[in-house]
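Visitor: Take this structure first; my questions come after.
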Protein chains: 4
Amino acid sequence: MSNQQSQQSPFQQRLYDIIFGYQSKAGKRFDLLLVIAIIASVSVVILDSVSEFEQLYHTWFIAMEVVFTLFFTLEYIARLYCSPQPKEYAKSFYGVVDLLAILPTYLALLYPAAQVMLLFRLLRILRILRVLKLVRYMSEANVLLRALMLARRKILVFLFCICLMTTIYGALMYAIEGPANGFTSIPKSIYWAIVTITTVGYGDISPATPLGQALAALVMVTGFAIITVPTGIVGAELVNEMRREQSEHRCLHCERAGHDHDADYCKHCGASLLEES
Amino acid sequence: MSNQQSQQSPFQQRLYDIIFGYQSKAGKRFDLLLVIAIIASVSVVILDSVSEFEQLYHTWFIAMEVVFTLFFTLEYIARLYCSPQPKEYAKSFYGVVDLLAILPTYLALLYPAAQVMLLFRLLRILRILRVLKLVRYMSEANVLLRALMLARRKILVFLFCICLMTTIYGALMYAIEGPANGFTSIPKSIYWAIVTITTVGYGDISPATPLGQALAALVMVTGFAIITVPTGIVGAELVNEMRREQSEHRCLHCERAGHDHDADYCKHCGASLLEES
Amino acid sequence: MSNQQSQQSPFQQRLYDIIFGYQSKAGKRFDLLLVIAIIASVSVVILDSVSEFEQLYHTWFIAMEVVFTLFFTLEYIARLYCSPQPKEYAKSFYGVVDLLAILPTYLALLYPAAQVMLLFRLLRILRILRVLKLVRYMSEANVLLRALMLARRKILVFLFCICLMTTIYGALMYAIEGPANGFTSIPKSIYWAIVTITTVGYGDISPATPLGQALAALVMVTGFAIITVPTGIVGAELVNEMRREQSEHRCLHCERAGHDHDADYCKHCGASLLEES
Amino acid sequence: MSNQQSQQSPFQQRLYDIIFGYQSKAGKRFDLLLVIAIIASVSVVILDSVSEFEQLYHTWFIAMEVVFTLFFTLEYIARLYCSPQPKEYAKSFYGVVDLLAILPTYLALLYPAAQVMLLFRLLRILRILRVLKLVRYMSEANVLLRALMLARRKILVFLFCICLMTTIYGALMYAIEGPANGFTSIPKSIYWAIVTITTVGYGDISPATPLGQALAALVMVTGFAIITVPTGIVGAELVNEMRREQSEHRCLHCERAGHDHDADYCKHCGASLLEES
């Protein structure tokens with residue numbers, strides 16, 4: 001935020017702090033307003049897809065959509081205006097998402113045939129990720145993310161094994177059950193294997209021959225056994241990560257660490273821990 | 001319990017200890033009787049909903065219902081009588097639940113048309129929560145609750161991610177599969193996404209197009225991967241909580257427990273823990 | 001085993017060690033033979049229930065059944081003969097199971113109408129539990145059982161909450177969906193709630209109204225969240241239990257504990273750990 | 001690799017290092033090329049099973065298949081040529097898999113009737129396991145494998161209990177529900193019990209009688225409770241294994257790692273660990 005170029009007017013800088021920043025009071029309020037507008041706007045798109053609501057309230061939905069689009073358009077112009085590098089912003093991931101959030105409505109107004117484009121308005125929900133950056137400041141989410149990052153290589157090895165297994169199981173079931181029992185192709189059989197190994201089990205395709213059912217039972221027990229692996233991985237990383245977080249809670253007086261979240265006094269020397277944070 | 005106003009007669013105080021208290025022998029017996037009456041009364045409502053039983057034993061069910069309602073009415077009057085602040089009790093959550101447990105039967109007797117109100121009798125099961133307060137004294141439930149409380153912020157972050165993901169996946173499936181394959185609206189598609197990501201998988205709605213099945217496979221593997229996160233969170237908190245519970249380290253000064261094995265000073269009040277053990 | 005009464009002949013004592021004991025070489029062989037006979041006998045009952053096999057091999061199945069029944073009859077007589085307290089044995093749980101394993105075949109031979117009794121032969125599988133006693137000597141199973149025993153009160157509290165939740169959810173769905181959508185009675189709705197909360201999700205009953213689907217989504221996310229609790233409980237107990245097991249691995253030389261399963265030398269003093277066990 | 005017999009020419013040794021080795025740069029490149037060829041070749045087989053693709057691109061698929069088969073044939077000949085013990089290689093597991101990867105295509109060319117043999121080409125995916133040996137050098141996969149190996153006896157005890165339970169539950173459901181409700185034989189009922197206890201829940205067979213549904217609810221809650229056991233086992237082993245892995249404590253004498261943080265002596269050879277750090 002201190003990288004803003006000096007040619008910006010004080011008004012631009014103030015606007016920048018409100019719209020892009022999230023540490024000032026006004027910035028927090030703007031973020032909250034934005035989240036409410038995004039959720040309301042996405043809710044309108046979602047409710048408009050229900051034919052009952054669409055028949056009754058379609059005019060209201062259009063009116064609200066116009067209001068949201070105007071608000072997001074103003075916001076987009078304000079972002080371009082106050083950004084120190086407007087071109088960079090317009091090309092960035094969030095810039096493109098911000099533009100995609102308003103374009104479909106204008107296109108649908110100009111070309112009424114482009115109704116299908118209206119679904120792109122749902123991309124607005126991606127804008128909520130911008131506010132998720134805030135989450136980075138919550139130590140809770142931090143612990144989760146770090147545990148997932150530390151476990152990512154183990155999870156990749158695990159996902160690779162799942163791919164290998166579902167391919168072999170899927171091909172075997174295609175050979176055993178065949179198109180007559182719904183296993184019409186190997187990709188569809190792999191889809192069945194994934195549905196089964198993740199214990200989802202729709203039942204849209206299910207084995208009908210005794211041999212197929214025996215193999216399916218094997219797939220299920222395998223899935224049951226391997227569901228333990230990623231759980232164990234993330235759980236173990238979390239135990240480590242939480243221990244580490246504890247060890248970063250350091251007493252200013254005796255400089256020893258390892259205090260609990262809710263500790264007010266150092267457990268080693270009895271000094272208060274409150275002034276430190 | 002020591003807050004009872006002094007204008008109460010000894011009989012009222014004795015009754016209060018039996019009905020509201022749960023530490024005296026009579027109080028424990030009354031709680032047990034209450035739990036049995038609640039379970040029996042709820043069982044009658046449940047069995048009465050089965051048409052076979054209803055045709056055979058409807059008269060018996062009505063007779064038992066009258067007995068339970070009289071018992072709960074007497075109990076409600078006794079609670080009002082012995083409570084030091086009857087109005088406060090009547091307005092409290094449990095007071096309203098206690099009233100709702102008896103009202104439906106009287107209303108159905110007065111207006112035979114109000115049959116549908118009889119289902120409200122099931123709210124009686126909420127009365128069992130009153131006895132669950134006892135559970136607070138069981139250290140086992142304590143550990144569970146504290147682990148859940150400590151993990152609550154992590155679980156909220158996690159549930160927020162689930163909401164975001166199911167919305168995006170649901171909208172994508174609505175666009176890919178469309179009403180022809182059962183995905184008649186975005187809310188219904190979000191319902192499908194929740195059914196899939198939680199690995200429930202009814203199969204009432206399931207993808208029929210290859211692209212939809214490929215996306216569904218992705219949703220399932222995602223669900224499989226993220227099921228690990230809350231498990232890891234609660235598991236890790238439980239490991240910590242049980243380690244702390246085992247230590248039974250209680251501060252002599254502020255009488256709060258939950259200190260680490262190597263703690264020398266109370267983390268809540270800073271008093272020394274060393275002279276106690 | 002040392003409680004055998006002295007009036008037993010040496011042959012009886014030898015037979016007792018083979019049939020009831022499981023530490024001598026002959027005893028281990030007899031246990032293995034028994035397990036094979038039980039599994040083979042149960043397999044015959046299972047395969048006989050498949051109409052295809054039953055039509056082809058019914059005569060063979062009857063012949064094998066006669067052999068197994070004779071073997072189990074001889075074994076039962078031998079157990080009665082060599083047991084120091086035959087009456088106590090005949091009345092014990094295993095004695096009754098051993099009798100039930102042979103009775104159905106004789107009854108079916110005497111009264112050909114008592115075909116349905118043949119299913120009782122499957123109770124033979126309970127006899128395998130007798131050999132499971134061996135498992136108590138495997139430290140692996142010990143750790144599992146102790147972790148489950150330590151966690152039993154937490155699991156009971158947890159199961160109680162599940163019961164409460166499924167009753168409330170089931171009654172709500174009965175009120176919302178009603179008999180028209182398959183929720184014909186409250187017990188059936190509770191069955192649906194259990195199918196959903198455990199993420200089994202048959203799809204034989206599934207919500208059809210939007211409100212019902214919204215409630216179902218809530219039930220699923222709840223189920224997803226609470227599945228973490230028992231996993232966390234048992235996992236945390238296992239971590240503790242395995243740490244305790246480690247701490248019982250004590251060096252004879254320096255008397256300090258905490259060695260790994262596969263440790264050959266003391267990590268504190270370097271003395272060999274092998275002579276101790 | 002140092003066991004190669006000296007009668008090999010330098011070219012053979014160079015080829016051996018490329019084809020069988022995976023530590024030289026050329027060996028790594030060859031492994032990568034092999035993995036790509038295997039995945040592409042398997043993809044062709046999979047896509048050829050989809051009737052839509054098969055009708056459009058069948059000629060292309062045949063052309064690509066010829067190329068892959070020629071490549072794998074050349075590779076097989078090269079392996080035979082450069083291997084120090086060609087006969088041993090041809091008889092080994094990987095040698096047979098390598099031969100099975102090319103045989104089906106030649107047989108299908110010679111005898112057009114042997115179309116069904118073409119599915120054996122999918123065995124090529126097993127060849128990817130050869131490259132998985134590389135994984136052994138990734139410490140991440142190492143931790144997973146060691147945790148699974150350490151937990152294998154606990155998992156076997158657990159799987160044995162699952163088998164016992166599904167047999168008893170399956171037979172009970174066969175007796176309660178019977179062939180009229182889809183439980184046509186005991187093996188099919190055991191299949192149902194496995195589908196239910198692993199929480200897959202296809203719904204192809206589901207209980208229809210109240211008693212059957214009550215038993216099914218019991219099976220599900222049991223399954224819900226025991227799903228915790230393997231998760232806890234692997235999770236607990238992973239916590240231990242990762243703690244040990246982190247320590248990176250390697251003995252200077254026997255060069256084996258996996259020591260505890262507080263270890264002073266190697267647990268494998270008893271040598272002191274103190275001078276190394």
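Residue names in the structure tokens use chain letters A, B, ... in the order shown, residue numbers from 1 in each chain, and ligand numbers from 1 in the order shown.
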Extract, using only C-alpha atoms, all DNA, RNA and protein residues at most 12 Å from stretch 72-88 of chain A, discarding same-chain residues fewer than 4 positions from it, and format them as a PyMOL selection string.
Guide: chain A and resi 1-21+30-31+33-35+37-38+41+65-68+92-106+121+124+127
Visitor: Per residue of chain C within 8 Å of chain D, which atom pair is closest and at what distance in Å (one decimal), using only C-alpha atoms, listed by chain and increasing number, as a Markdown table?
Guide:
| residue | atom | partner | partner_atom | distance |
| --- | --- | --- | --- | --- |
| C:Ile46 | CA | D:Ile186 | CA | 5.5 |
| C:Leu47 | CA | D:Pro187 | CA | 7.4 |
| C:Ser49 | CA | D:Ser185 | CA | 5.2 |
| C:Val50 | CA | D:Ser185 | CA | 5.1 |
| C:Ser51 | CA | D:Ser185 | CA | 7.6 |
| C:Leu119 | CA | D:Ala175 | CA | 7.7 |
| C:Leu122 | CA | D:Ala171 | CA | 7.6 |
| C:Ile125 | CA | D:Ile168 | CA | 7.8 |
| C:Glu140 | CA | D:Lys154 | CA | 5.6 |
| C:Ala141 | CA | D:Lys154 | CA | 6.5 |
| C:Leu144 | CA | D:Lys154 | CA | 7.5 |
| C:Lys188 | CA | D:Pro210 | CA | 7.8 |
| C:Tyr191 | CA | D:Ala217 | CA | 6.4 |
| C:Ile194 | CA | D:Ala217 | CA | 6.3 |
| C:Val195 | CA | D:Ala217 | CA | 7.0 |
| C:Thr198 | CA | D:Phe224 | CA | 6.1 |
| C:Thr199 | CA | D:Thr199 | CA | 5.9 |
| C:Val200 | CA | D:Thr199 | CA | 4.1 |
| C:Gly201 | CA | D:Gly201 | CA | 5.5 |
| C:Tyr202 | CA | D:Gly203 | CA | 4.1 |
| C:Gly203 | CA | D:Gly203 | CA | 5.9 |
| C:Asp204 | CA | D:Gly203 | CA | 6.2 |
| C:Ile227 | CA | D:Phe224 | CA | 7.6 |
| C:Pro230 | CA | D:Thr228 | CA | 6.2 |
| C:Thr231 | CA | D:Thr228 | CA | 4.2 |
| C:Gly232 | CA | D:Gly232 | CA | 7.4 |
| C:Val234 | CA | D:Gly232 | CA | 5.8 |
| C:Gly235 | CA | D:Gly232 | CA | 3.7 |
| C:Ala236 | CA | D:Gly232 | CA | 7.4 |
| C:Leu238 | CA | D:Ala236 | CA | 6.3 |
| C:Val239 | CA | D:Ala236 | CA | 5.0 |
| C:Met242 | CA | D:Ala236 | CA | 7.9 |
| C:Asp262 | CA | D:Lys267 | CA | 8.0 |
| C:Ala263 | CA | D:Lys267 | CA | 4.8 |
| C:Asp264 | CA | D:His268 | CA | 5.3 |
| C:Tyr265 | CA | D:Lys267 | CA | 4.4 |
| C:Cys266 | CA | D:Lys267 | CA | 6.1 |
| C:Lys267 | CA | D:Tyr265 | CA | 4.4 |
| C:His268 | CA | D:Asp264 | CA | 5.1 |
| C:Cys269 | CA | D:Tyr265 | CA | 6.5 |
| C:Gly270 | CA | D:Gly270 | CA | 4.7 |
| C:Ala271 | CA | D:Gly270 | CA | 6.7 |
| C:Ser272 | CA | D:Gly270 | CA | 7.2 |
Visitor: For the selection just defined, write its residues with N, CA and C atoms to a file, as a short mmCIF file (atom, residue, chain, number, x, y, z; two decimals), in the first residue's frame.
Guide:
data_model
loop_
_atom_site.label_atom_id
_atom_site.label_comp_id
_atom_site.auth_asym_id
_atom_site.auth_seq_id
_atom_site.Cartn_x
_atom_site.Cartn_y
_atom_site.Cartn_z
N ILE C 46 -23.78 -70.47 3.43
CA ILE C 46 -23.91 -69.25 2.61
C ILE C 46 -24.16 -69.61 1.15
N LEU C 47 -23.34 -70.53 0.61
CA LEU C 47 -23.47 -70.89 -0.81
C LEU C 47 -24.79 -71.59 -1.07
N SER C 49 -27.52 -70.83 0.07
CA SER C 49 -28.61 -69.84 -0.04
C SER C 49 -28.70 -69.26 -1.45
N VAL C 50 -27.65 -69.49 -2.28
CA VAL C 50 -27.69 -69.01 -3.67
C VAL C 50 -28.42 -70.07 -4.50
N SER C 51 -29.54 -69.68 -5.12
CA SER C 51 -30.39 -70.69 -5.77
C SER C 51 -29.63 -71.42 -6.88
N LEU C 119 -31.08 -71.97 9.19
CA LEU C 119 -30.36 -70.70 9.24
C LEU C 119 -29.61 -70.51 10.56
N LEU C 122 -25.88 -70.69 11.06
CA LEU C 122 -24.97 -69.56 10.91
C LEU C 122 -24.44 -69.05 12.24
N ILE C 125 -20.79 -69.12 13.32
CA ILE C 125 -19.76 -68.10 13.12
C ILE C 125 -19.40 -67.44 14.44
N GLU C 140 -1.27 -55.66 19.35
CA GLU C 140 -1.93 -54.75 18.41
C GLU C 140 -3.41 -54.59 18.75
N ALA C 141 -4.09 -55.75 18.86
CA ALA C 141 -5.51 -55.70 19.15
C ALA C 141 -5.76 -55.10 20.52
N LEU C 144 -5.94 -51.34 20.28
CA LEU C 144 -7.23 -50.95 19.70
C LEU C 144 -8.34 -51.04 20.74
N LYS C 188 -39.99 -44.10 10.14
CA LYS C 188 -39.37 -44.18 8.82
C LYS C 188 -38.55 -42.91 8.55
N TYR C 191 -35.40 -43.26 10.35
CA TYR C 191 -34.54 -44.13 9.54
C TYR C 191 -33.87 -43.33 8.44
N ILE C 194 -31.10 -41.22 9.88
CA ILE C 194 -29.88 -41.99 10.18
C ILE C 194 -29.14 -42.30 8.88
N VAL C 195 -29.90 -42.71 7.84
CA VAL C 195 -29.28 -42.99 6.53
C VAL C 195 -28.52 -41.75 6.04
N THR C 198 -25.35 -40.51 8.60
CA THR C 198 -24.17 -41.37 8.51
C THR C 198 -23.58 -41.34 7.10
N THR C 199 -24.11 -40.50 6.22
CA THR C 199 -23.66 -40.34 4.83
C THR C 199 -23.79 -41.63 4.02
N VAL C 200 -24.68 -42.55 4.44
CA VAL C 200 -24.91 -43.74 3.63
C VAL C 200 -25.70 -43.35 2.37
N GLY C 201 -26.86 -42.73 2.57
CA GLY C 201 -27.62 -42.16 1.45
C GLY C 201 -28.07 -43.16 0.41
N TYR C 202 -28.99 -44.11 0.80
CA TYR C 202 -29.50 -45.06 -0.19
C TYR C 202 -30.23 -44.36 -1.32
N GLY C 203 -31.08 -43.39 -0.96
CA GLY C 203 -31.93 -42.77 -1.96
C GLY C 203 -33.27 -43.48 -2.09
N ASP C 204 -33.55 -44.50 -1.22
CA ASP C 204 -34.89 -45.12 -1.27
C ASP C 204 -35.95 -44.13 -0.80
N ILE C 227 -19.13 -36.17 12.06
CA ILE C 227 -18.36 -37.37 11.78
C ILE C 227 -16.95 -37.19 12.33
N PRO C 230 -16.28 -38.58 16.61
CA PRO C 230 -15.79 -39.90 17.05
C PRO C 230 -14.41 -40.21 16.49
N THR C 231 -14.13 -39.77 15.25
CA THR C 231 -12.80 -39.99 14.69
C THR C 231 -11.75 -39.34 15.57
N GLY C 232 -12.02 -38.09 15.95
CA GLY C 232 -11.09 -37.38 16.81
C GLY C 232 -10.92 -38.08 18.13
N VAL C 234 -11.38 -41.36 19.01
CA VAL C 234 -10.61 -42.60 18.95
C VAL C 234 -9.16 -42.31 18.55
N GLY C 235 -8.98 -41.38 17.61
CA GLY C 235 -7.62 -41.03 17.19
C GLY C 235 -6.81 -40.51 18.36
N ALA C 236 -7.41 -39.59 19.14
CA ALA C 236 -6.70 -39.01 20.27
C ALA C 236 -6.37 -40.08 21.31
N LEU C 238 -5.95 -43.23 20.69
CA LEU C 238 -4.92 -44.11 20.13
C LEU C 238 -3.54 -43.46 20.26
N VAL C 239 -3.47 -42.15 19.98
CA VAL C 239 -2.19 -41.45 20.13
C VAL C 239 -1.69 -41.63 21.56
N MET C 242 -0.75 -45.38 22.28
CA MET C 242 0.51 -45.81 21.68
C MET C 242 1.69 -45.18 22.39
N ASP C 262 10.46 -50.90 17.31
CA ASP C 262 11.53 -51.58 16.58
C ASP C 262 12.91 -51.28 17.16
N ALA C 263 12.95 -50.73 18.38
CA ALA C 263 14.25 -50.38 18.96
C ALA C 263 14.96 -51.63 19.47
N ASP C 264 16.23 -51.77 19.14
CA ASP C 264 17.03 -52.89 19.63
C ASP C 264 17.94 -52.46 20.79
N TYR C 265 18.28 -51.16 20.81
CA TYR C 265 19.18 -50.65 21.84
C TYR C 265 18.53 -49.48 22.56
N CYS C 266 18.84 -49.32 23.84
CA CYS C 266 18.29 -48.21 24.63
C CYS C 266 18.80 -46.90 24.07
N LYS C 267 17.89 -45.94 23.87
CA LYS C 267 18.31 -44.67 23.28
C LYS C 267 18.98 -43.78 24.32
N HIS C 268 18.91 -44.15 25.60
CA HIS C 268 19.51 -43.32 26.63
C HIS C 268 20.90 -43.80 27.04
N CYS C 269 21.06 -45.14 27.15
CA CYS C 269 22.35 -45.62 27.63
C CYS C 269 23.03 -46.55 26.63
N GLY C 270 22.35 -46.90 25.52
CA GLY C 270 22.97 -47.73 24.51
C GLY C 270 23.01 -49.21 24.81
N ALA C 271 22.39 -49.64 25.95
CA ALA C 271 22.36 -51.07 26.28
C ALA C 271 21.36 -51.80 25.38
N SER C 272 21.60 -53.08 25.19
CA SER C 272 20.69 -53.85 24.33
C SER C 272 19.33 -54.03 25.02
#
Visitor: Could you write out, as a count of residues only, all the residues of stretch 62-265 of chain B that DSSP marks as helix (DSSP H, G or I)?
Guide: 156
